[in-house]
file structure.txt (compact mmCIF, all heavy atoms)
# COMPACT_ATOMS: atom_id res chain seq x y z
N MET L 1 39.48 19.73 13.31
CA MET L 1 40.32 19.12 12.31
C MET L 1 41.45 18.38 13.02
O MET L 1 42.10 18.93 13.89
CB MET L 1 40.87 20.18 11.37
CG MET L 1 41.64 19.60 10.25
SD MET L 1 41.24 20.42 8.74
CE MET L 1 42.66 21.34 8.38
N TYR L 2 41.67 17.13 12.62
CA TYR L 2 42.60 16.27 13.32
C TYR L 2 43.96 16.16 12.64
O TYR L 2 44.92 15.74 13.24
CB TYR L 2 42.01 14.87 13.48
CG TYR L 2 40.73 14.87 14.28
CD1 TYR L 2 39.50 14.83 13.66
CD2 TYR L 2 40.78 14.94 15.66
CE1 TYR L 2 38.33 14.83 14.40
CE2 TYR L 2 39.63 14.95 16.42
CZ TYR L 2 38.40 14.89 15.78
OH TYR L 2 37.25 14.90 16.52
N GLY L 3 44.03 16.48 11.37
CA GLY L 3 45.30 16.41 10.66
C GLY L 3 45.58 15.07 10.01
O GLY L 3 46.70 14.80 9.62
N TYR L 4 44.57 14.21 9.93
CA TYR L 4 44.75 12.94 9.25
C TYR L 4 44.50 13.15 7.76
O TYR L 4 43.40 13.48 7.33
CB TYR L 4 43.77 11.89 9.78
CG TYR L 4 44.00 11.55 11.23
CD1 TYR L 4 43.26 12.17 12.23
CD2 TYR L 4 44.96 10.62 11.60
CE1 TYR L 4 43.47 11.87 13.56
CE2 TYR L 4 45.18 10.32 12.93
CZ TYR L 4 44.42 10.94 13.91
OH TYR L 4 44.63 10.63 15.23
N ILE L 5 45.54 12.94 6.97
CA ILE L 5 45.46 13.18 5.53
C ILE L 5 46.00 11.95 4.81
O ILE L 5 47.05 11.42 5.15
CB ILE L 5 46.28 14.43 5.13
CG1 ILE L 5 45.72 15.66 5.85
CG2 ILE L 5 46.27 14.63 3.63
CD1 ILE L 5 46.52 16.92 5.66
N CYS L 6 45.26 11.51 3.80
CA CYS L 6 45.70 10.37 2.99
C CYS L 6 46.95 10.77 2.21
O CYS L 6 46.95 11.78 1.51
CB CYS L 6 44.59 9.95 2.04
SG CYS L 6 45.07 8.62 0.91
N PRO L 7 48.02 9.98 2.31
CA PRO L 7 49.26 10.32 1.59
C PRO L 7 49.13 10.15 0.07
O PRO L 7 49.92 10.70 -0.68
CB PRO L 7 50.29 9.35 2.16
CG PRO L 7 49.50 8.21 2.71
CD PRO L 7 48.18 8.79 3.14
N ASP L 8 48.13 9.38 -0.38
CA ASP L 8 47.98 9.12 -1.81
C ASP L 8 47.16 10.19 -2.52
O ASP L 8 47.53 10.67 -3.58
CB ASP L 8 47.32 7.75 -2.04
CG ASP L 8 48.20 6.62 -1.56
OD1 ASP L 8 49.43 6.70 -1.73
OD2 ASP L 8 47.66 5.66 -1.00
N CYS L 9 46.00 10.56 -1.92
CA CYS L 9 45.10 11.48 -2.63
C CYS L 9 44.94 12.83 -1.93
O CYS L 9 44.38 13.75 -2.49
CB CYS L 9 43.73 10.84 -2.84
SG CYS L 9 42.78 10.62 -1.33
N GLY L 10 45.42 12.94 -0.69
CA GLY L 10 45.33 14.20 0.04
C GLY L 10 43.99 14.44 0.71
O GLY L 10 43.73 15.53 1.20
N CYS L 11 43.15 13.42 0.76
CA CYS L 11 41.83 13.54 1.37
C CYS L 11 41.98 13.69 2.89
O CYS L 11 42.80 13.03 3.51
CB CYS L 11 41.02 12.30 1.04
SG CYS L 11 39.35 12.32 1.67
N HIS L 12 41.18 14.56 3.48
CA HIS L 12 41.18 14.74 4.93
C HIS L 12 40.28 13.67 5.55
O HIS L 12 39.14 13.48 5.14
CB HIS L 12 40.67 16.14 5.30
CG HIS L 12 41.63 17.20 4.89
ND1 HIS L 12 42.65 17.63 5.70
CD2 HIS L 12 41.75 17.90 3.74
CE1 HIS L 12 43.35 18.56 5.08
NE2 HIS L 12 42.81 18.74 3.87
N LEU L 13 40.82 12.97 6.55
CA LEU L 13 40.13 11.84 7.14
C LEU L 13 39.86 12.06 8.63
O LEU L 13 40.58 12.81 9.29
CB LEU L 13 40.98 10.57 6.98
CG LEU L 13 41.41 10.22 5.56
CD1 LEU L 13 42.47 9.15 5.59
CD2 LEU L 13 40.23 9.80 4.74
N ASP L 14 38.85 11.37 9.13
CA ASP L 14 38.58 11.35 10.56
C ASP L 14 39.54 10.38 11.21
O ASP L 14 40.08 9.49 10.55
CB ASP L 14 37.14 10.90 10.82
CG ASP L 14 36.11 11.92 10.37
OD1 ASP L 14 36.43 13.12 10.39
OD2 ASP L 14 35.00 11.51 9.99
N PRO L 15 39.76 10.48 12.52
CA PRO L 15 40.63 9.52 13.20
C PRO L 15 40.11 8.09 13.02
O PRO L 15 38.94 7.82 13.20
CB PRO L 15 40.54 9.93 14.67
CG PRO L 15 40.14 11.36 14.64
CD PRO L 15 39.27 11.52 13.43
N GLY L 16 40.98 7.19 12.60
CA GLY L 16 40.62 5.80 12.39
C GLY L 16 39.97 5.51 11.05
O GLY L 16 39.77 4.34 10.69
N GLU L 17 39.64 6.53 10.29
CA GLU L 17 39.01 6.34 8.98
C GLU L 17 40.07 5.91 7.98
O GLU L 17 41.19 6.41 7.97
CB GLU L 17 38.34 7.63 8.51
CG GLU L 17 37.61 7.50 7.21
CD GLU L 17 36.97 8.80 6.76
OE1 GLU L 17 37.27 9.86 7.34
OE2 GLU L 17 36.18 8.74 5.82
N LYS L 18 39.70 4.95 7.12
CA LYS L 18 40.62 4.47 6.09
C LYS L 18 40.17 5.00 4.74
O LYS L 18 39.00 4.89 4.37
CB LYS L 18 40.61 2.94 6.08
CG LYS L 18 41.55 2.35 5.05
CD LYS L 18 41.43 0.85 5.01
CE LYS L 18 42.23 0.34 3.84
NZ LYS L 18 41.74 -0.93 3.36
N CYS L 19 41.07 5.58 3.99
CA CYS L 19 40.75 6.10 2.66
C CYS L 19 40.65 4.94 1.67
O CYS L 19 41.46 4.01 1.71
CB CYS L 19 41.82 7.09 2.21
SG CYS L 19 41.39 7.93 0.68
N ASP L 20 39.66 4.99 0.80
CA ASP L 20 39.46 3.92 -0.18
C ASP L 20 39.90 4.32 -1.59
O ASP L 20 39.50 3.70 -2.57
CB ASP L 20 38.02 3.45 -0.19
CG ASP L 20 37.04 4.56 -0.53
OD1 ASP L 20 37.47 5.72 -0.65
OD2 ASP L 20 35.84 4.25 -0.68
N CYS L 21 40.76 5.32 -1.69
CA CYS L 21 41.19 5.80 -3.01
C CYS L 21 41.96 4.72 -3.78
O CYS L 21 41.81 4.61 -4.99
CB CYS L 21 42.00 7.07 -2.89
SG CYS L 21 43.58 6.89 -2.04
N ARG L 22 42.76 3.92 -3.09
CA ARG L 22 43.51 2.87 -3.78
C ARG L 22 42.57 1.81 -4.35
O ARG L 22 42.76 1.34 -5.46
CB ARG L 22 44.49 2.20 -2.82
CG ARG L 22 45.65 3.05 -2.45
CD ARG L 22 46.60 2.31 -1.55
NE ARG L 22 47.68 3.18 -1.10
CZ ARG L 22 48.63 2.80 -0.28
NH1 ARG L 22 48.62 1.59 0.22
NH2 ARG L 22 49.58 3.65 0.07
N GLU L 23 41.56 1.43 -3.57
CA GLU L 23 40.60 0.44 -4.03
C GLU L 23 39.83 0.95 -5.24
O GLU L 23 39.60 0.20 -6.20
CB GLU L 23 39.63 0.09 -2.91
CG GLU L 23 40.29 -0.61 -1.73
CD GLU L 23 39.37 -0.72 -0.52
OE1 GLU L 23 38.18 -0.36 -0.63
OE2 GLU L 23 39.87 -1.15 0.52
N GLU L 24 39.44 2.21 -5.22
CA GLU L 24 38.71 2.80 -6.34
C GLU L 24 39.57 2.83 -7.60
O GLU L 24 39.09 2.53 -8.69
CB GLU L 24 38.24 4.21 -5.98
CG GLU L 24 37.13 4.23 -4.96
CD GLU L 24 36.71 5.63 -4.57
OE1 GLU L 24 37.20 6.61 -5.20
OE2 GLU L 24 35.91 5.76 -3.65
N ARG L 25 40.84 3.17 -7.45
CA ARG L 25 41.73 3.19 -8.62
C ARG L 25 41.91 1.79 -9.19
O ARG L 25 41.97 1.60 -10.40
CB ARG L 25 43.08 3.79 -8.25
CG ARG L 25 43.07 5.29 -8.19
CD ARG L 25 44.48 5.84 -8.17
NE ARG L 25 45.26 5.33 -7.07
CZ ARG L 25 45.65 6.04 -6.02
NH1 ARG L 25 45.37 7.31 -5.94
NH2 ARG L 25 46.37 5.49 -5.06
N GLU L 26 42.02 0.79 -8.31
CA GLU L 26 42.18 -0.59 -8.77
C GLU L 26 40.94 -1.05 -9.54
O GLU L 26 41.06 -1.71 -10.58
CB GLU L 26 42.44 -1.52 -7.58
CG GLU L 26 42.75 -2.94 -7.97
CD GLU L 26 44.01 -3.10 -8.81
OE1 GLU L 26 44.97 -2.32 -8.62
OE2 GLU L 26 44.02 -3.98 -9.68
N LEU L 27 39.76 -0.70 -9.06
CA LEU L 27 38.52 -1.05 -9.77
C LEU L 27 38.47 -0.40 -11.13
O LEU L 27 38.06 -1.03 -12.12
CB LEU L 27 37.30 -0.65 -8.94
CG LEU L 27 37.00 -1.51 -7.72
CD1 LEU L 27 35.84 -0.89 -6.93
CD2 LEU L 27 36.67 -2.93 -8.11
N GLU L 28 38.90 0.85 -11.23
CA GLU L 28 38.93 1.55 -12.52
C GLU L 28 39.89 0.87 -13.49
O GLU L 28 39.59 0.72 -14.67
CB GLU L 28 39.32 3.02 -12.33
CG GLU L 28 38.23 3.86 -11.75
CD GLU L 28 37.01 3.94 -12.65
OE1 GLU L 28 37.16 4.07 -13.88
OE2 GLU L 28 35.90 3.85 -12.11
N ARG L 29 41.05 0.43 -12.99
CA ARG L 29 42.01 -0.27 -13.85
C ARG L 29 41.43 -1.57 -14.37
O ARG L 29 41.64 -1.93 -15.53
CB ARG L 29 43.30 -0.55 -13.08
CG ARG L 29 44.16 0.66 -12.91
CD ARG L 29 45.52 0.30 -12.32
NE ARG L 29 46.10 1.47 -11.73
CZ ARG L 29 46.45 1.60 -10.46
NH1 ARG L 29 46.31 0.59 -9.64
NH2 ARG L 29 46.94 2.72 -10.00
N GLU L 30 40.71 -2.31 -13.50
CA GLU L 30 40.10 -3.56 -13.92
C GLU L 30 39.06 -3.31 -15.01
O GLU L 30 38.99 -4.06 -15.99
CB GLU L 30 39.44 -4.26 -12.73
CG GLU L 30 40.44 -4.86 -11.76
CD GLU L 30 39.76 -5.48 -10.54
OE1 GLU L 30 38.54 -5.73 -10.59
OE2 GLU L 30 40.46 -5.71 -9.55
N LYS L 31 38.26 -2.27 -14.86
CA LYS L 31 37.25 -1.94 -15.86
C LYS L 31 37.91 -1.59 -17.19
O LYS L 31 37.47 -2.02 -18.25
CB LYS L 31 36.39 -0.76 -15.40
CG LYS L 31 35.44 -1.10 -14.30
CD LYS L 31 34.67 0.14 -13.89
CE LYS L 31 33.79 -0.10 -12.69
NZ LYS L 31 33.10 1.13 -12.27
N GLU L 32 38.99 -0.80 -17.13
CA GLU L 32 39.70 -0.42 -18.36
C GLU L 32 40.30 -1.64 -19.04
O GLU L 32 40.25 -1.76 -20.27
CB GLU L 32 40.79 0.59 -18.04
CG GLU L 32 40.27 1.95 -17.66
CD GLU L 32 41.36 2.90 -17.20
OE1 GLU L 32 42.56 2.53 -17.25
OE2 GLU L 32 41.02 4.00 -16.77
N THR L 33 40.84 -2.57 -18.26
CA THR L 33 41.43 -3.78 -18.82
C THR L 33 40.38 -4.61 -19.53
O THR L 33 40.60 -5.11 -20.63
CB THR L 33 42.10 -4.61 -17.71
OG1 THR L 33 43.08 -3.81 -17.06
CG2 THR L 33 42.77 -5.85 -18.27
N LYS L 34 39.20 -4.76 -18.91
CA LYS L 34 38.12 -5.52 -19.53
C LYS L 34 37.68 -4.86 -20.83
O LYS L 34 37.43 -5.54 -21.83
CB LYS L 34 36.93 -5.63 -18.58
CG LYS L 34 37.18 -6.57 -17.42
CD LYS L 34 35.98 -6.62 -16.50
CE LYS L 34 36.25 -7.50 -15.30
NZ LYS L 34 35.09 -7.53 -14.39
N LEU L 35 37.59 -3.55 -20.83
CA LEU L 35 37.17 -2.82 -22.03
C LEU L 35 38.17 -3.01 -23.16
O LEU L 35 37.79 -3.26 -24.30
CB LEU L 35 37.00 -1.33 -21.71
CG LEU L 35 36.55 -0.45 -22.86
CD1 LEU L 35 35.17 -0.87 -23.34
CD2 LEU L 35 36.55 1.00 -22.45
N VAL L 36 39.45 -2.92 -22.84
CA VAL L 36 40.49 -3.09 -23.87
C VAL L 36 40.43 -4.49 -24.46
O VAL L 36 40.59 -4.68 -25.67
CB VAL L 36 41.88 -2.80 -23.28
CG1 VAL L 36 42.99 -3.23 -24.21
CG2 VAL L 36 42.01 -1.33 -22.95
N LYS L 37 40.16 -5.50 -23.64
CA LYS L 37 40.06 -6.87 -24.13
C LYS L 37 38.86 -7.05 -25.06
O LYS L 37 38.89 -7.89 -25.95
CB LYS L 37 39.95 -7.85 -22.96
CG LYS L 37 41.23 -8.02 -22.19
CD LYS L 37 41.04 -9.01 -21.07
CE LYS L 37 42.31 -9.18 -20.26
NZ LYS L 37 42.11 -10.12 -19.15
N MET L 38 37.81 -6.28 -24.85
CA MET L 38 36.60 -6.42 -25.65
C MET L 38 36.70 -5.71 -27.00
O MET L 38 35.96 -6.01 -27.91
CB MET L 38 35.38 -5.85 -24.90
CG MET L 38 34.98 -6.67 -23.71
SD MET L 38 33.56 -6.08 -22.76
CE MET L 38 33.16 -4.50 -23.38
N LEU L 39 37.61 -4.76 -27.15
CA LEU L 39 37.71 -3.99 -28.38
C LEU L 39 38.83 -4.50 -29.28
O LEU L 39 39.88 -4.91 -28.82
CB LEU L 39 37.97 -2.52 -28.06
CG LEU L 39 36.84 -1.78 -27.35
CD1 LEU L 39 37.28 -0.36 -27.04
CD2 LEU L 39 35.58 -1.77 -28.17
N LYS L 40 38.56 -4.42 -30.56
CA LYS L 40 39.57 -4.77 -31.56
C LYS L 40 39.59 -3.64 -32.58
O LYS L 40 38.56 -3.22 -33.07
CB LYS L 40 39.20 -6.09 -32.25
CG LYS L 40 40.15 -6.47 -33.36
CD LYS L 40 39.70 -7.72 -34.06
CE LYS L 40 40.64 -8.04 -35.20
NZ LYS L 40 40.17 -9.18 -35.98
N VAL L 41 40.78 -3.17 -32.90
CA VAL L 41 40.92 -2.13 -33.92
C VAL L 41 41.31 -2.81 -35.22
O VAL L 41 42.33 -3.49 -35.31
CB VAL L 41 41.99 -1.08 -33.51
CG1 VAL L 41 42.13 -0.03 -34.59
CG2 VAL L 41 41.64 -0.44 -32.18
N GLU L 42 40.46 -2.64 -36.23
CA GLU L 42 40.72 -3.25 -37.52
C GLU L 42 41.71 -2.42 -38.32
O GLU L 42 42.05 -1.30 -37.94
CB GLU L 42 39.39 -3.42 -38.27
CG GLU L 42 38.44 -4.36 -37.53
CD GLU L 42 37.14 -4.56 -38.26
OE1 GLU L 42 36.77 -3.72 -39.10
OE2 GLU L 42 36.50 -5.58 -38.00
N LYS L 43 42.18 -2.95 -39.44
CA LYS L 43 43.17 -2.26 -40.27
C LYS L 43 42.67 -0.89 -40.74
O LYS L 43 43.45 0.03 -40.91
CB LYS L 43 43.54 -3.11 -41.49
CG LYS L 43 44.31 -4.35 -41.14
CD LYS L 43 44.62 -5.17 -42.37
CE LYS L 43 45.32 -6.45 -42.00
NZ LYS L 43 45.61 -7.26 -43.18
N SER L 44 41.37 -0.77 -40.93
CA SER L 44 40.80 0.50 -41.39
C SER L 44 40.72 1.55 -40.28
O SER L 44 40.39 2.69 -40.53
CB SER L 44 39.40 0.26 -41.95
OG SER L 44 38.53 -0.20 -40.92
N GLY L 45 41.01 1.13 -39.04
CA GLY L 45 40.92 2.04 -37.91
C GLY L 45 39.59 1.95 -37.18
O GLY L 45 39.40 2.55 -36.13
N GLN L 46 38.66 1.18 -37.73
CA GLN L 46 37.34 1.00 -37.12
C GLN L 46 37.49 0.11 -35.89
O GLN L 46 38.16 -0.91 -35.92
CB GLN L 46 36.40 0.36 -38.13
CG GLN L 46 35.00 0.12 -37.61
CD GLN L 46 34.23 1.42 -37.48
OE1 GLN L 46 34.41 2.33 -38.26
NE2 GLN L 46 33.37 1.48 -36.50
N MET L 47 36.83 0.50 -34.81
CA MET L 47 36.84 -0.32 -33.60
C MET L 47 35.67 -1.29 -33.64
O MET L 47 34.57 -0.94 -34.03
CB MET L 47 36.75 0.55 -32.35
CG MET L 47 37.94 1.44 -32.17
SD MET L 47 37.79 2.41 -30.69
CE MET L 47 39.01 1.62 -29.71
N LYS L 48 35.94 -2.52 -33.22
CA LYS L 48 34.93 -3.56 -33.26
C LYS L 48 34.86 -4.21 -31.88
O LYS L 48 35.89 -4.47 -31.25
CB LYS L 48 35.32 -4.59 -34.32
CG LYS L 48 34.36 -5.71 -34.50
CD LYS L 48 34.84 -6.63 -35.62
CE LYS L 48 33.86 -7.75 -35.86
NZ LYS L 48 34.33 -8.63 -36.93
N ILE L 49 33.63 -4.48 -31.41
CA ILE L 49 33.45 -5.14 -30.13
C ILE L 49 33.49 -6.64 -30.36
O ILE L 49 32.78 -7.18 -31.20
CB ILE L 49 32.11 -4.75 -29.48
CG1 ILE L 49 32.10 -3.27 -29.16
CG2 ILE L 49 31.89 -5.57 -28.19
CD1 ILE L 49 30.76 -2.76 -28.65
N LYS L 50 34.33 -7.33 -29.58
CA LYS L 50 34.39 -8.78 -29.66
C LYS L 50 33.37 -9.33 -28.66
O LYS L 50 33.62 -9.39 -27.47
CB LYS L 50 35.79 -9.27 -29.33
CG LYS L 50 36.85 -8.79 -30.31
CD LYS L 50 38.19 -9.43 -30.06
CE LYS L 50 38.88 -8.77 -28.91
NZ LYS L 50 40.24 -9.29 -28.67
N PHE L 51 32.21 -9.70 -29.15
CA PHE L 51 31.11 -10.12 -28.29
C PHE L 51 31.41 -11.42 -27.55
O PHE L 51 30.88 -11.65 -26.47
CB PHE L 51 29.81 -10.25 -29.08
CG PHE L 51 29.22 -8.92 -29.44
CD1 PHE L 51 29.34 -8.43 -30.73
CD2 PHE L 51 28.58 -8.15 -28.49
CE1 PHE L 51 28.82 -7.19 -31.06
CE2 PHE L 51 28.05 -6.92 -28.82
CZ PHE L 51 28.17 -6.43 -30.10
N GLU L 52 32.25 -12.26 -28.10
CA GLU L 52 32.59 -13.50 -27.41
C GLU L 52 33.31 -13.22 -26.09
O GLU L 52 33.25 -14.00 -25.16
CB GLU L 52 33.40 -14.45 -28.29
CG GLU L 52 34.69 -13.87 -28.83
CD GLU L 52 34.53 -13.09 -30.13
OE1 GLU L 52 33.42 -12.98 -30.66
OE2 GLU L 52 35.53 -12.59 -30.63
N GLU L 53 33.99 -12.09 -26.00
CA GLU L 53 34.66 -11.69 -24.76
C GLU L 53 33.66 -11.15 -23.74
O GLU L 53 33.89 -11.22 -22.56
CB GLU L 53 35.72 -10.62 -25.05
CG GLU L 53 36.88 -11.08 -25.88
CD GLU L 53 37.78 -12.03 -25.14
OE1 GLU L 53 37.90 -11.91 -23.91
OE2 GLU L 53 38.36 -12.91 -25.79
N VAL L 54 32.55 -10.60 -24.21
CA VAL L 54 31.55 -9.99 -23.33
C VAL L 54 30.76 -11.07 -22.61
O VAL L 54 30.47 -10.95 -21.43
CB VAL L 54 30.60 -9.08 -24.14
CG1 VAL L 54 29.52 -8.52 -23.23
CG2 VAL L 54 31.38 -7.97 -24.81
N VAL L 55 30.41 -12.12 -23.32
CA VAL L 55 29.54 -13.17 -22.76
C VAL L 55 30.27 -14.09 -21.87
O VAL L 55 31.25 -14.28 -21.56
CB VAL L 55 28.87 -13.98 -23.89
CG1 VAL L 55 27.99 -15.07 -23.34
CG2 VAL L 55 28.12 -13.05 -24.80

call {"tool": "encode", "arguments": {"input": "structure.txt", "output": "structure tokens"}}
result
Amino acid sequence: MYGYICPDCGCHLDPGEKCDCREERELEREKETKLVKMLKVEKSGQMKIKFEEVV
């Protein structure tokens, strides 16, 4: 054990290894943003997919 630990997620790393936790979180945020843009909540509370945003 070398003692290399990611300061963000606490993952134990090999010497010279770069943790990709930040990149993974950024990809998740992008996916969530796209999903939010595709959904519309109507007055009744029903969620509707805006297909024009999908295509």

call {"tool": "atom_distance", "arguments": {"input": "structure.txt", "atom1": "atom CA of His12 of chain L", "atom2": "atom CA of Arg29 of chain L"}}
result
24.1 Å

call {"tool": "residues_around", "arguments": {"input": "structure.txt", "residues": "Arg22 of chain L", "least_positions_apart": "3", "cutoff": "3.5 Å", "atoms": "all heavy atoms", "output": "list of chain:residue names"}}
result
L:Asp8, L:Arg25, L:Glu26

call {"tool": "write_last_selection", "arguments": {"input": "structure.txt", "atoms": "all heavy atoms", "output": "PDB file, in the coordinates of the input"}}
result
ATOM      1  N   ASP L   8      48.130   9.380  -0.380  1.00  0.00           N
ATOM      2  CA  ASP L   8      47.980   9.120  -1.810  1.00  0.00           C
ATOM      3  C   ASP L   8      47.160  10.190  -2.520  1.00  0.00           C
ATOM      4  O   ASP L   8      47.530  10.670  -3.580  1.00  0.00           O
ATOM      5  CB  ASP L   8      47.320   7.750  -2.040  1.00  0.00           C
ATOM      6  CG  ASP L   8      48.200   6.620  -1.560  1.00  0.00           C
ATOM      7  OD1 ASP L   8      49.430   6.700  -1.730  1.00  0.00           O
ATOM      8  OD2 ASP L   8      47.660   5.660  -1.000  1.00  0.00           O
ATOM      9  N   ARG L  25      40.840   3.170  -7.450  1.00  0.00           N
ATOM     10  CA  ARG L  25      41.730   3.190  -8.620  1.00  0.00           C
ATOM     11  C   ARG L  25      41.910   1.790  -9.190  1.00  0.00           C
ATOM     12  O   ARG L  25      41.970   1.600 -10.400  1.00  0.00           O
ATOM     13  CB  ARG L  25      43.080   3.790  -8.250  1.00  0.00           C
ATOM     14  CG  ARG L  25      43.070   5.290  -8.190  1.00  0.00           C
ATOM     15  CD  ARG L  25      44.480   5.840  -8.170  1.00  0.00           C
ATOM     16  NE  ARG L  25      45.260   5.330  -7.070  1.00  0.00           N
ATOM     17  CZ  ARG L  25      45.650   6.040  -6.020  1.00  0.00           C
ATOM     18  NH1 ARG L  25      45.370   7.310  -5.940  1.00  0.00           N
ATOM     19  NH2 ARG L  25      46.370   5.490  -5.060  1.00  0.00           N
ATOM     20  N   GLU L  26      42.020   0.790  -8.310  1.00  0.00           N
ATOM     21  CA  GLU L  26      42.180  -0.590  -8.770  1.00  0.00           C
ATOM     22  C   GLU L  26      40.940  -1.050  -9.540  1.00  0.00           C
ATOM     23  O   GLU L  26      41.060  -1.710 -10.580  1.00  0.00           O
ATOM     24  CB  GLU L  26      42.440  -1.520  -7.580  1.00  0.00           C
ATOM     25  CG  GLU L  26      42.750  -2.940  -7.970  1.00  0.00           C
ATOM     26  CD  GLU L  26      44.010  -3.100  -8.810  1.00  0.00           C
ATOM     27  OE1 GLU L  26      44.970  -2.320  -8.620  1.00  0.00           O
ATOM     28  OE2 GLU L  26      44.020  -3.980  -9.680  1.00  0.00           O
TER      29      GLU L  26
END

call {"tool": "residues_around", "arguments": {"input": "structure.txt", "residues": "Lys48 of chain L", "least_positions_apart": "4", "cutoff": "4 Å", "atoms": "all atoms listed in the file", "output": "ChimeraX atom specification"}}
result
/L:38-40,42

call {"tool": "closest_residue", "arguments": {"input": "structure.txt", "among": "L:Gly45, L:Lys50, L:Cys6, L:Val36", "to": "Cys19 of chain L", "atoms": "all heavy atoms"}}
result
L:Cys6

call {"tool": "select_by_dssp", "arguments": {"input": "structure.txt", "residues": "chain L", "states": "strand (DSSP E)", "output": "list in words"}}
result
Tyr4, Ile5, His12, Leu13, Leu39, Lys40, Val41, Met47, Lys48 and Ile49 of chain L

call {"tool": "select_by_dssp", "arguments": {"input": "structure.txt", "residues": "chain L", "states": "helix (DSSP H, G or I)", "output": "list of chain:residue names"}}
result
L:Cys21, L:Arg22, L:Glu23, L:Glu24, L:Arg25, L:Glu26, L:Leu27, L:Glu28, L:Arg29, L:Glu30, L:Lys31, L:Glu32, L:Thr33, L:Lys34, L:Leu35, L:Val36, L:Lys37, L:Met38, L:Phe51, L:Glu52, L:Glu53, L:Val54

call {"tool": "atom_distance", "arguments": {"input": "structure.txt", "atom1": "atom CA of Glu30 of chain L", "atom2": "atom CA of Glu17 of chain L"}}
result
25.0 Å

call {"tool": "atom_distance", "arguments": {"input": "structure.txt", "atom1": "atom N of Gly3 of chain L", "atom2": "atom CA of Gly16 of chain L"}}
result
11.3 Å
